[in-house]
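One structure is given below, encoded as structure tokens.
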Amino acid sequence: MSQQSNTAKPSLQGVRIKARKGAVKAQAKHEPAVFRDQVYKHLETVPNNDFDAIANKLLQAGSTLDYLKYADALFEILLVGGLIQPGGSYVDDGAPMSPFSIFNAETPASVDDLKNYVQVLNKLIRRHVICILVTLQTAYYSHRYKYLQKPLEEQSLPALLQYFNRWPSDQRDKFAITVGLLISQGIASAACLQSLTKDHLVKNDASVAVLAIIFRAYLADQSMEHLASALKRGNIKDLLAFFPPNRQDGKILDEFFRRENLPQVSEWYTKRQQAISKENIMSELKELSEHDEPTEAVISAVQNKLEENPLPDTELIQCLWQGLMATVDWGTARPDQIEGLALREVGKFAPVLEAFCKTPKVEVALINAVQVHCYDDTRIMKAFTPILKVLYNKDCISDQAIIYWHQKGSKPQGRQHFIKATEALVKFLQEQEDSEDEE
């Protein structure tokens, strides 16, 4: 067994341990004014409106300036021309406005001009750097300052949007157009628009006026479907939230965006609300069916849903047909029993349909809903004509509606098959109509 040594171990006395770079930066004093002055020095050397040179200068400056730490200050400089203090006013330390900012764009604001300014931000955040590995002869790409995108869309834009009412109209328009372009190009998320729903901003339609400018800039490059997807990803659930509480009405919204020459926004919103209304009605029908509620209760429930979200009569009758048919349990029926089950169920809920079949146009819409349903569900395709007879006998549809549908009102889905299948019924109705005329 070896004897343990009593010799003293060597120490690191006098050796200076170097701190990590990250730790040094974290302990450094936060001095946005110093950062601003350094950015100004870089931008002052670039000619006005030389947007490529400005973008390159900002990229070069990032190698010496801490963009991540001062991201808010950086975007305040580039977007509104200076540092902003709480409350929305500029920091009053005698500093001039930034040599470059979107507020320097031409007046009145235009989408084409502000695209140049947005392109500078795009190059800064999403610029691709190509590196060639000589040994492997391959290329890879990296985003130089991609980390700036998150503070832009989560901090800077939401913070600045809440101050738009403090700016002159020309600056407000420039900022709103810039926001629209940033979102349309994927540089920022539509989630930043949530700031516009604050109580003090929605007064007097101030928020929705800015929203209209943002949408107009967005739609200058992209489609309404593209904008709708961006709003969905940004969790913008209802545009009425941008209106004052006493004006949160679908008709007011429709009139506003049409007046702003944005009819596509009105049409999209209407369709979206109709889709929500259909989902609610179909869900209600399912729940009422499970509890075997009487016809009067079903009709009343549908009317209540329509008060919340109105639907055109033709859309409503198609929704009711689909919702009621979705409640039928087909699983227990043998193939030879399917048609009989379908007719019994149609007869059962025909009084609900009859309550909302108020015009010949709605009656034809109901026949088309039955046609498309029978085409999609081949199990009941042969039951199409018997279903029409049930609906006719229950006063849901008239003979004129059936004859009109047969002559020129049918849908393309399976048209020839269904037209031929109903020839005898239509002939009978026409003869009956002629005999009544003779009498």
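By convention in this document, the chains of the structure tokens carry letters A, B, ... by their order, each chain's residues are numbered from 1, and ligands are numbered from 1 in the order they are shown.
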
If you run DSSP on this backbone, which residues of segment 93-301 of chain A come out as strand (DSSP E), and could you give them as a PyMOL selection string?
chain A and resi 128-133+138-143

Name the residues of segment 133-224 of chain A that fall into helix (DSSP H, G or I) according to DSSP on the backbone, using the chain letters and numbers of this document, as an MDAnalysis selection string.
chainID A and resid 146:161 164:166 169:184 190:197 199:219 224

Using only C-alpha atoms, find the one residue out of A:Ala326, A:Cys192, A:Leu182, A:Ala206 that sits nearest to Gly234 of chain A.
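Nearest candidate to Gly234 of chain A out of A:Ala326, A:Cys192, A:Leu182, A:Ala206: A:Cys192.
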
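Take the candidates A:Val179, A:Leu148, A:Leu320, A:Ile187 and check each one against Leu211 of chain A using only C-alpha atoms; the shortest distance goes to A:Val179.
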
Just checking: using only C-alpha atoms, which residue out of A:Gly414, A:Lys361, A:Lys394, A:Thr327 ends up closest to Thr378 of chain A?
A:Gly414

Close residues, Ile125 of chain A itself excluded, 12 Å, only C-alpha atoms, min 3 positions apart in chain, as a ChimeraX atom specification:
/A:55-56,58-59,62,67-68,71,75,118-122,128-129,142-153,182,186-188

Determine, counting only C-alpha atoms, which protein, DNA and RNA residues have an atom within 10 Å of an atom of segment 335-343 of chain A; residues of the same chain fewer than 6 positions away are not included. Present the result as a list of chain:residue names.
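Counting only C-alpha atoms, the residues come to A:Met325, A:Val328, A:Asp329, A:Arg379, A:Ile380, A:Met381, A:Lys382, A:Ala383, A:Phe384, A:Pro386, A:Ile387, A:Leu388, A:Lys389, A:Val390, A:Leu391.
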
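Look at Ala365 of chain A: the protein and nucleic acid residues within 10 Å of it, using only C-alpha atoms and passing over chain neighbours fewer than 5 places away, are Asp313, Thr314, Glu315, Leu316, Ile317, Gln318, Cys357, Thr359, Pro360, Val370, Gln371, Ile397, Ala401, Trp405, Gly409, Ser410 and Lys411 of chain A.
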
Kindly export the residues of the current selection with N, CA and C atoms, as a tab-separated table (two decimals), in the first residue's frame.
```
chain	number	residue	atom	x	y	z
A	313	ASP	N	-80.70	33.11	-46.94
A	313	ASP	CA	-81.68	32.02	-46.87
A	313	ASP	C	-81.23	30.78	-47.63
A	314	THR	N	-80.61	30.98	-48.79
A	314	THR	CA	-80.18	29.82	-49.59
A	314	THR	C	-79.04	29.07	-48.91
A	315	GLU	N	-78.14	29.82	-48.25
A	315	GLU	CA	-77.04	29.18	-47.52
A	315	GLU	C	-77.59	28.44	-46.30
A	316	LEU	N	-78.58	29.04	-45.67
A	316	LEU	CA	-79.15	28.44	-44.46
A	316	LEU	C	-79.81	27.11	-44.78
A	317	ILE	N	-80.61	27.04	-45.84
A	317	ILE	CA	-81.34	25.80	-46.13
A	317	ILE	C	-80.38	24.67	-46.48
A	318	GLN	N	-79.28	25.00	-47.17
A	318	GLN	CA	-78.27	23.97	-47.46
A	318	GLN	C	-77.59	23.51	-46.18
A	357	CYS	N	-88.17	27.37	-45.72
A	357	CYS	CA	-88.33	27.41	-47.18
A	357	CYS	C	-89.35	28.49	-47.52
A	359	THR	N	-89.13	31.05	-49.97
A	359	THR	CA	-89.22	31.57	-51.34
A	359	THR	C	-88.90	30.46	-52.34
A	360	PRO	N	-89.33	30.62	-53.60
A	360	PRO	CA	-88.99	29.63	-54.64
A	360	PRO	C	-87.47	29.44	-54.78
A	370	VAL	N	-80.04	18.51	-51.86
A	370	VAL	CA	-80.36	17.08	-51.89
A	370	VAL	C	-79.62	16.40	-53.03
A	371	GLN	N	-79.57	17.05	-54.19
A	371	GLN	CA	-78.88	16.48	-55.36
A	371	GLN	C	-77.41	16.23	-55.07
A	397	ILE	N	-91.09	21.96	-50.70
A	397	ILE	CA	-90.82	22.43	-52.06
A	397	ILE	C	-92.11	22.34	-52.87
A	401	ALA	N	-90.96	24.68	-58.22
A	401	ALA	CA	-89.53	24.59	-57.90
A	401	ALA	C	-88.91	23.35	-58.51
A	405	TRP	N	-86.10	23.43	-61.39
A	405	TRP	CA	-84.83	22.72	-61.17
A	405	TRP	C	-84.55	21.76	-62.31
A	409	GLY	N	-82.24	24.56	-63.38
A	409	GLY	CA	-81.70	24.97	-62.09
A	409	GLY	C	-80.83	23.96	-61.40
A	410	SER	N	-80.51	22.84	-62.06
A	410	SER	CA	-79.76	21.77	-61.39
A	410	SER	C	-78.27	22.05	-61.32
A	411	LYS	N	-77.62	21.37	-60.40
A	411	LYS	CA	-76.16	21.45	-60.25
A	411	LYS	C	-75.48	20.49	-61.23
```

Given only C-alpha atoms as the counted atoms, nearest of A:Thr385, A:Gln400, A:Asn393, A:Ser283 to Phe418 of chain A:
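Closest candidate: A:Thr385.
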
Quote the spacing between atom CA of Leu288 of chain A and atom CA of Asn309 of chain A in Å to one decimal place.
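Atom-to-atom, atom CA of Leu288 of chain A to atom CA of Asn309 of chain A, that is 18.9 Å.
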
What lies within 12 Å of Ala109 of chain A using only C-alpha atoms, ignoring chain neighbours under 2 positions off, as a PDB file with N, CA, C and O atoms, in the first residue's frame?
```
ATOM      1  N   ILE A 102     -37.910  55.283 -42.217  1.00  0.00           N
ATOM      2  CA  ILE A 102     -39.041  55.289 -43.144  1.00  0.00           C
ATOM      3  C   ILE A 102     -39.755  56.636 -43.151  1.00  0.00           C
ATOM      4  O   ILE A 102     -40.440  56.964 -44.127  1.00  0.00           O
ATOM      5  N   PHE A 103     -39.573  57.437 -42.097  1.00  0.00           N
ATOM      6  CA  PHE A 103     -40.178  58.766 -42.071  1.00  0.00           C
ATOM      7  C   PHE A 103     -39.519  59.707 -43.077  1.00  0.00           C
ATOM      8  O   PHE A 103     -40.045  60.785 -43.350  1.00  0.00           O
ATOM      9  N   ASN A 104     -38.366  59.287 -43.617  1.00  0.00           N
ATOM     10  CA  ASN A 104     -37.696  60.082 -44.644  1.00  0.00           C
ATOM     11  C   ASN A 104     -38.264  59.820 -46.033  1.00  0.00           C
ATOM     12  O   ASN A 104     -37.863  60.466 -47.003  1.00  0.00           O
ATOM     13  N   ALA A 105     -39.197  58.881 -46.135  1.00  0.00           N
ATOM     14  CA  ALA A 105     -39.791  58.562 -47.437  1.00  0.00           C
ATOM     15  C   ALA A 105     -40.583  59.765 -47.948  1.00  0.00           C
ATOM     16  O   ALA A 105     -40.958  60.662 -47.189  1.00  0.00           O
ATOM     17  N   GLU A 106     -40.863  59.746 -49.252  1.00  0.00           N
ATOM     18  CA  GLU A 106     -41.550  60.886 -49.855  1.00  0.00           C
ATOM     19  C   GLU A 106     -42.978  61.014 -49.323  1.00  0.00           C
ATOM     20  O   GLU A 106     -43.601  60.041 -48.901  1.00  0.00           O
ATOM     21  N   THR A 107     -43.480  62.246 -49.353  1.00  0.00           N
ATOM     22  CA  THR A 107     -44.839  62.552 -48.925  1.00  0.00           C
ATOM     23  C   THR A 107     -45.636  63.076 -50.121  1.00  0.00           C
ATOM     24  O   THR A 107     -45.140  63.938 -50.843  1.00  0.00           O
ATOM     25  N   VAL A 111     -46.710  53.066 -51.661  1.00  0.00           N
ATOM     26  CA  VAL A 111     -46.229  51.694 -51.478  1.00  0.00           C
ATOM     27  C   VAL A 111     -44.922  51.487 -52.230  1.00  0.00           C
ATOM     28  O   VAL A 111     -43.967  50.904 -51.696  1.00  0.00           O
ATOM     29  N   ASP A 112     -44.846  51.964 -53.468  1.00  0.00           N
ATOM     30  CA  ASP A 112     -43.650  51.742 -54.294  1.00  0.00           C
ATOM     31  C   ASP A 112     -42.410  52.349 -53.658  1.00  0.00           C
ATOM     32  O   ASP A 112     -41.322  51.747 -53.675  1.00  0.00           O
ATOM     33  N   ASP A 113     -42.528  53.549 -53.101  1.00  0.00           N
ATOM     34  CA  ASP A 113     -41.374  54.203 -52.479  1.00  0.00           C
ATOM     35  C   ASP A 113     -40.964  53.482 -51.203  1.00  0.00           C
ATOM     36  O   ASP A 113     -39.776  53.228 -50.971  1.00  0.00           O
ATOM     37  N   LEU A 114     -41.934  53.115 -50.370  1.00  0.00           N
ATOM     38  CA  LEU A 114     -41.613  52.479 -49.091  1.00  0.00           C
ATOM     39  C   LEU A 114     -41.104  51.054 -49.260  1.00  0.00           C
ATOM     40  O   LEU A 114     -40.473  50.506 -48.353  1.00  0.00           O
ATOM     41  N   LYS A 115     -41.348  50.450 -50.409  1.00  0.00           N
ATOM     42  CA  LYS A 115     -40.772  49.125 -50.661  1.00  0.00           C
ATOM     43  C   LYS A 115     -39.251  49.177 -50.607  1.00  0.00           C
ATOM     44  O   LYS A 115     -38.598  48.209 -50.187  1.00  0.00           O
ATOM     45  N   TYR A 117     -37.424  51.053 -48.643  1.00  0.00           N
ATOM     46  CA  TYR A 117     -37.037  51.083 -47.231  1.00  0.00           C
ATOM     47  C   TYR A 117     -37.223  49.702 -46.584  1.00  0.00           C
ATOM     48  O   TYR A 117     -36.383  49.256 -45.797  1.00  0.00           O
ATOM     49  N   SER A 169     -50.316  62.737 -39.633  1.00  0.00           N
ATOM     50  CA  SER A 169     -50.959  61.772 -40.535  1.00  0.00           C
ATOM     51  C   SER A 169     -50.002  61.209 -41.572  1.00  0.00           C
ATOM     52  O   SER A 169     -50.083  60.034 -41.929  1.00  0.00           O
ATOM     53  N   ASP A 170     -49.062  62.041 -42.072  1.00  0.00           N
ATOM     54  CA  ASP A 170     -48.147  61.534 -43.100  1.00  0.00           C
ATOM     55  C   ASP A 170     -47.197  60.479 -42.526  1.00  0.00           C
ATOM     56  O   ASP A 170     -46.907  59.469 -43.177  1.00  0.00           O
ATOM     57  N   GLN A 171     -46.744  60.680 -41.279  1.00  0.00           N
ATOM     58  CA  GLN A 171     -45.872  59.693 -40.640  1.00  0.00           C
ATOM     59  C   GLN A 171     -46.656  58.428 -40.289  1.00  0.00           C
ATOM     60  O   GLN A 171     -46.158  57.312 -40.436  1.00  0.00           O
ATOM     61  N   ARG A 172     -47.888  58.608 -39.847  1.00  0.00           N
ATOM     62  CA  ARG A 172     -48.743  57.453 -39.548  1.00  0.00           C
ATOM     63  C   ARG A 172     -48.941  56.603 -40.795  1.00  0.00           C
ATOM     64  O   ARG A 172     -48.862  55.372 -40.748  1.00  0.00           O
ATOM     65  N   ASP A 173     -49.207  57.240 -41.924  1.00  0.00           N
ATOM     66  CA  ASP A 173     -49.429  56.506 -43.176  1.00  0.00           C
ATOM     67  C   ASP A 173     -48.169  55.751 -43.604  1.00  0.00           C
ATOM     68  O   ASP A 173     -48.246  54.597 -44.044  1.00  0.00           O
ATOM     69  N   LYS A 174     -47.020  56.386 -43.461  1.00  0.00           N
ATOM     70  CA  LYS A 174     -45.761  55.729 -43.836  1.00  0.00           C
ATOM     71  C   LYS A 174     -45.512  54.490 -42.968  1.00  0.00           C
ATOM     72  O   LYS A 174     -45.098  53.443 -43.472  1.00  0.00           O
ATOM     73  N   PHE A 175     -45.769  54.652 -41.682  1.00  0.00           N
ATOM     74  CA  PHE A 175     -45.538  53.520 -40.783  1.00  0.00           C
ATOM     75  C   PHE A 175     -46.523  52.392 -41.066  1.00  0.00           C
ATOM     76  O   PHE A 175     -46.149  51.217 -41.076  1.00  0.00           O
ATOM     77  N   ALA A 176     -47.800  52.728 -41.300  1.00  0.00           N
ATOM     78  CA  ALA A 176     -48.815  51.716 -41.558  1.00  0.00           C
ATOM     79  C   ALA A 176     -48.505  50.949 -42.846  1.00  0.00           C
ATOM     80  O   ALA A 176     -48.621  49.713 -42.892  1.00  0.00           O
ATOM     81  N   ILE A 177     -48.103  51.653 -43.887  1.00  0.00           N
ATOM     82  CA  ILE A 177     -47.743  50.992 -45.152  1.00  0.00           C
ATOM     83  C   ILE A 177     -46.556  50.070 -44.934  1.00  0.00           C
ATOM     84  O   ILE A 177     -46.517  48.941 -45.440  1.00  0.00           O
ATOM     85  N   THR A 178     -45.582  50.539 -44.161  1.00  0.00           N
ATOM     86  CA  THR A 178     -44.397  49.714 -43.876  1.00  0.00           C
ATOM     87  C   THR A 178     -44.785  48.439 -43.144  1.00  0.00           C
ATOM     88  O   THR A 178     -44.292  47.349 -43.466  1.00  0.00           O
ATOM     89  N   ILE A 213     -55.132  50.985 -44.036  1.00  0.00           N
ATOM     90  CA  ILE A 213     -53.890  51.339 -44.747  1.00  0.00           C
ATOM     91  C   ILE A 213     -52.953  50.146 -44.802  1.00  0.00           C
ATOM     92  O   ILE A 213     -52.324  49.863 -45.826  1.00  0.00           O
ATOM     93  N   ALA A 217     -51.778  48.186 -48.313  1.00  0.00           N
ATOM     94  CA  ALA A 217     -50.379  47.953 -48.686  1.00  0.00           C
ATOM     95  C   ALA A 217     -50.116  46.466 -48.893  1.00  0.00           C
ATOM     96  O   ALA A 217     -49.414  46.062 -49.832  1.00  0.00           O
TER      97      ALA A 217
END
```

Could you name the residues that touch Ser184 of chain A at 8 Å or less, counting only C-alpha atoms, but leaving out those on the same chain fewer than 3 positions away, as a PyMOL selection string?
chain A and resi 180-181+187+218+221-222+227+230

From the options A:Val352, A:Leu43, A:Leu253, A:Ile214, which residue's atoms come nearest to Val302 of chain A, counting only C-alpha atoms?
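Closest to Val302 of chain A, using only C-alpha atoms: A:Val352.
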
Rounded to one decimal place, report the atom CA of Gln274 of chain A-atom CA of Ile367 of chain A distance in Å.
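For atom CA of Gln274 of chain A relative to atom CA of Ile367 of chain A, the distance reads 20.7 Å.
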